[in-house]
Amino acid sequence: GLDRLDDLGIGALVQLRVIGDAIGIGRFAARLDRIDPGAIATADRPMRLMELVDKLNADKSAVHRLLRHLTECGFVTRDASSLQYKVGPAFLAMSSAAISRADFCAVARDYLLRVRDLTGETVGLHLKVGHERVCVDGVESQHDIRSALFRGERRPLYSGAGGKVILAFMGDDTTSAVLKHAAIAKPSVKALASQLVAIRKTGRAWDSSERFKGGAVLAVPIFDGNGIAGSLTVSGPGMRWTSQALRRHLPQIQKAVQQISSGLGSGEAARLAS
């Protein structure tokens with residue numbers, strides 16, 4: 001739902017389409033440039049309904065109806081005494097999440113290429129979004145046989161090395177909540193809990209690929225100034241991306257992740273690698 005603020009940066013357009021379907025207005029998302037919280041965000045002061053109608057040159061009933069639903073979702077707020085509208089917390093959170101995602105990718109991009117060239121394998125960048133991780137960037141191996149990259153894919157944190165290495169460094173309450181969901185989806189919760197303990201000790205996750213048979217994945221956590229932010233994964237066929245190859249390249253991979261985390265305002269990755 002739209003009350004999950006850390007989901008807004010990734011799923012905003014999809015969620016706004018859901019709003020449109022719910023209120024019965026066709027092609028709602030395509031009309032956001034005409035009647036949207038951005039019209040209020042660009043104003044130099046809070047505005048009343050009729051001021052917005054004039055500013056947007058739109059039908060009063062349509063503006064009122066959309067404002068009502070945007071208010072319910074937290075994108076705008078309405079002062080009860082002045083009857084003026086202004087930007088709401090959800091709109092601010094969405095903007096912040098979008099900026100954070102852009103910073104995350106911009107800081108990491110050069111290091112993704114370096115790790116791909118170092119290992120020869122596919123490198124993925126995953127961002128923590130609620131109880132999921134989202135693949136936001138990456139570079140594929142140049143080998144004919146390689147692990148594929150799926151940008152935009154969402155996976156639960158208990159699934160795969162890239163999610164487990166994030167989950168291992170989240171708070172106890174969040175970890176417990178995710179493990180409860182994992183118990184419904186799969187029976188090996190005790191094994192997962194043991195894996196998380198091992199990941200905290202080593203600062204990395206090494207697992208067989210859940211994407212294709214015979215594949216292997218290394219995942220290393222990325223931190224920002226607020227804690228765990230995401231993960232970097234290196235994946236490839238097990239015949240080539242072996243434990244020996246991992247040991248050979250791990251120090252340089254960890255150094256790259258340290259530099260990403262440092263660029264995001266954290267020194268935690270350096271502590272884990274020491």
# chains A, B, ... in the order shown; residues from 1 in each chain; ligands from 1
>>> residues_around(residues="A:Gly263", least_positions_apart="5", cutoff="9 Å", atoms="only C-alpha atoms", output="list in words")
Phe104, Val107, Ala108, Asp224 and Gln258 of chain A
>>> write_last_selection(atoms="N, CA, C and O atoms", output="compact mmCIF listing (two decimals), in the first residue's frame")
# COMPACT_ATOMS: atom_id res chain seq x y z
N PHE A 104 22.60 6.05 -5.13
CA PHE A 104 23.07 4.68 -4.94
C PHE A 104 23.69 4.15 -6.23
O PHE A 104 24.80 3.61 -6.23
N VAL A 107 26.94 6.32 -7.41
CA VAL A 107 28.15 6.01 -6.63
C VAL A 107 28.72 4.66 -7.02
O VAL A 107 29.94 4.47 -7.10
N ALA A 108 27.84 3.69 -7.28
CA ALA A 108 28.28 2.30 -7.49
C ALA A 108 28.70 1.98 -8.92
O ALA A 108 29.45 1.02 -9.14
N ASP A 224 24.98 2.54 3.98
CA ASP A 224 25.02 3.98 3.86
C ASP A 224 25.04 4.57 5.27
O ASP A 224 25.27 3.84 6.24
N GLN A 258 33.61 -1.44 -0.10
CA GLN A 258 33.98 -0.45 0.91
C GLN A 258 33.91 0.96 0.33
O GLN A 258 33.42 1.89 0.97
>>> residues_around(residues="A:Val134", least_positions_apart="6", cutoff="10 Å", atoms="only C-alpha atoms", output="list in words")
Ile10, Leu125, His126, Leu127, Lys128, Phe150, Arg151, Gly152, Glu153, Arg154, Arg155, Pro156, Leu157, Gly162, Gly163, Gly230 and Ser231 of chain A
>>> residues_around(residues="stretch 205-208 of chain A", least_positions_apart="3", cutoff="7 Å", atoms="only C-alpha atoms", output="PDB file with N, CA and C atoms, in the first residue's frame")
ATOM      1  N   ALA A 161      21.357 -15.164  -2.207  1.00  0.00           N
ATOM      2  CA  ALA A 161      22.469 -14.566  -1.467  1.00  0.00           C
ATOM      3  C   ALA A 161      22.337 -13.053  -1.372  1.00  0.00           C
ATOM      4  N   VAL A 165      22.208 -11.457   2.505  1.00  0.00           N
ATOM      5  CA  VAL A 165      23.296 -10.637   3.026  1.00  0.00           C
ATOM      6  C   VAL A 165      22.780  -9.274   3.499  1.00  0.00           C
ATOM      7  N   ILE A 199      26.729 -15.288   7.933  1.00  0.00           N
ATOM      8  CA  ILE A 199      26.945 -14.098   7.096  1.00  0.00           C
ATOM      9  C   ILE A 199      27.430 -12.929   7.940  1.00  0.00           C
ATOM     10  N   GLY A 215      24.726 -22.722 -11.004  1.00  0.00           N
ATOM     11  CA  GLY A 215      25.276 -21.384 -10.840  1.00  0.00           C
ATOM     12  C   GLY A 215      25.706 -21.118  -9.407  1.00  0.00           C
ATOM     13  N   ALA A 216      26.538 -20.094  -9.233  1.00  0.00           N
ATOM     14  CA  ALA A 216      27.012 -19.711  -7.910  1.00  0.00           C
ATOM     15  C   ALA A 216      26.952 -18.199  -7.778  1.00  0.00           C
ATOM     16  N   VAL A 217      26.706 -17.732  -6.546  1.00  0.00           N
ATOM     17  CA  VAL A 217      26.544 -16.292  -6.298  1.00  0.00           C
ATOM     18  C   VAL A 217      27.305 -15.884  -5.040  1.00  0.00           C
ATOM     19  N   LEU A 218      28.074 -14.813  -5.155  1.00  0.00           N
ATOM     20  CA  LEU A 218      28.671 -14.143  -4.009  1.00  0.00           C
ATOM     21  C   LEU A 218      27.908 -12.850  -3.783  1.00  0.00           C
ATOM     22  N   ALA A 219      27.587 -12.539  -2.535  1.00  0.00           N
ATOM     23  CA  ALA A 219      26.922 -11.276  -2.212  1.00  0.00           C
ATOM     24  C   ALA A 219      27.638 -10.609  -1.054  1.00  0.00           C
ATOM     25  N   VAL A 220      27.832  -9.296  -1.172  1.00  0.00           N
ATOM     26  CA  VAL A 220      28.506  -8.504  -0.143  1.00  0.00           C
ATOM     27  C   VAL A 220      27.596  -7.329   0.203  1.00  0.00           C
TER      28      VAL A 220
END
>>> closest_residue(among="A:Ser159, A:Ala229, A:Thr71, A:His131", to="A:Asp173", atoms="only C-alpha atoms")
A:His131
>>> select_by_dssp(residues="stretch 114-235 of chain A", states="helix (DSSP H, G or I)", output="PyMOL selection string")
chain A and resi 114-119+160-167+172-185+189-202
>>> atom_distance(atom1="atom CA of A:Leu49", atom2="atom CA of A:Val63")
7.8 Å
>>> residues_around(residues="A:Glu268", least_positions_apart="4", cutoff="10 Å", atoms="only C-alpha atoms", output="ChimeraX atom specification")
/A:221-225,227-228,258,261-262,272-273
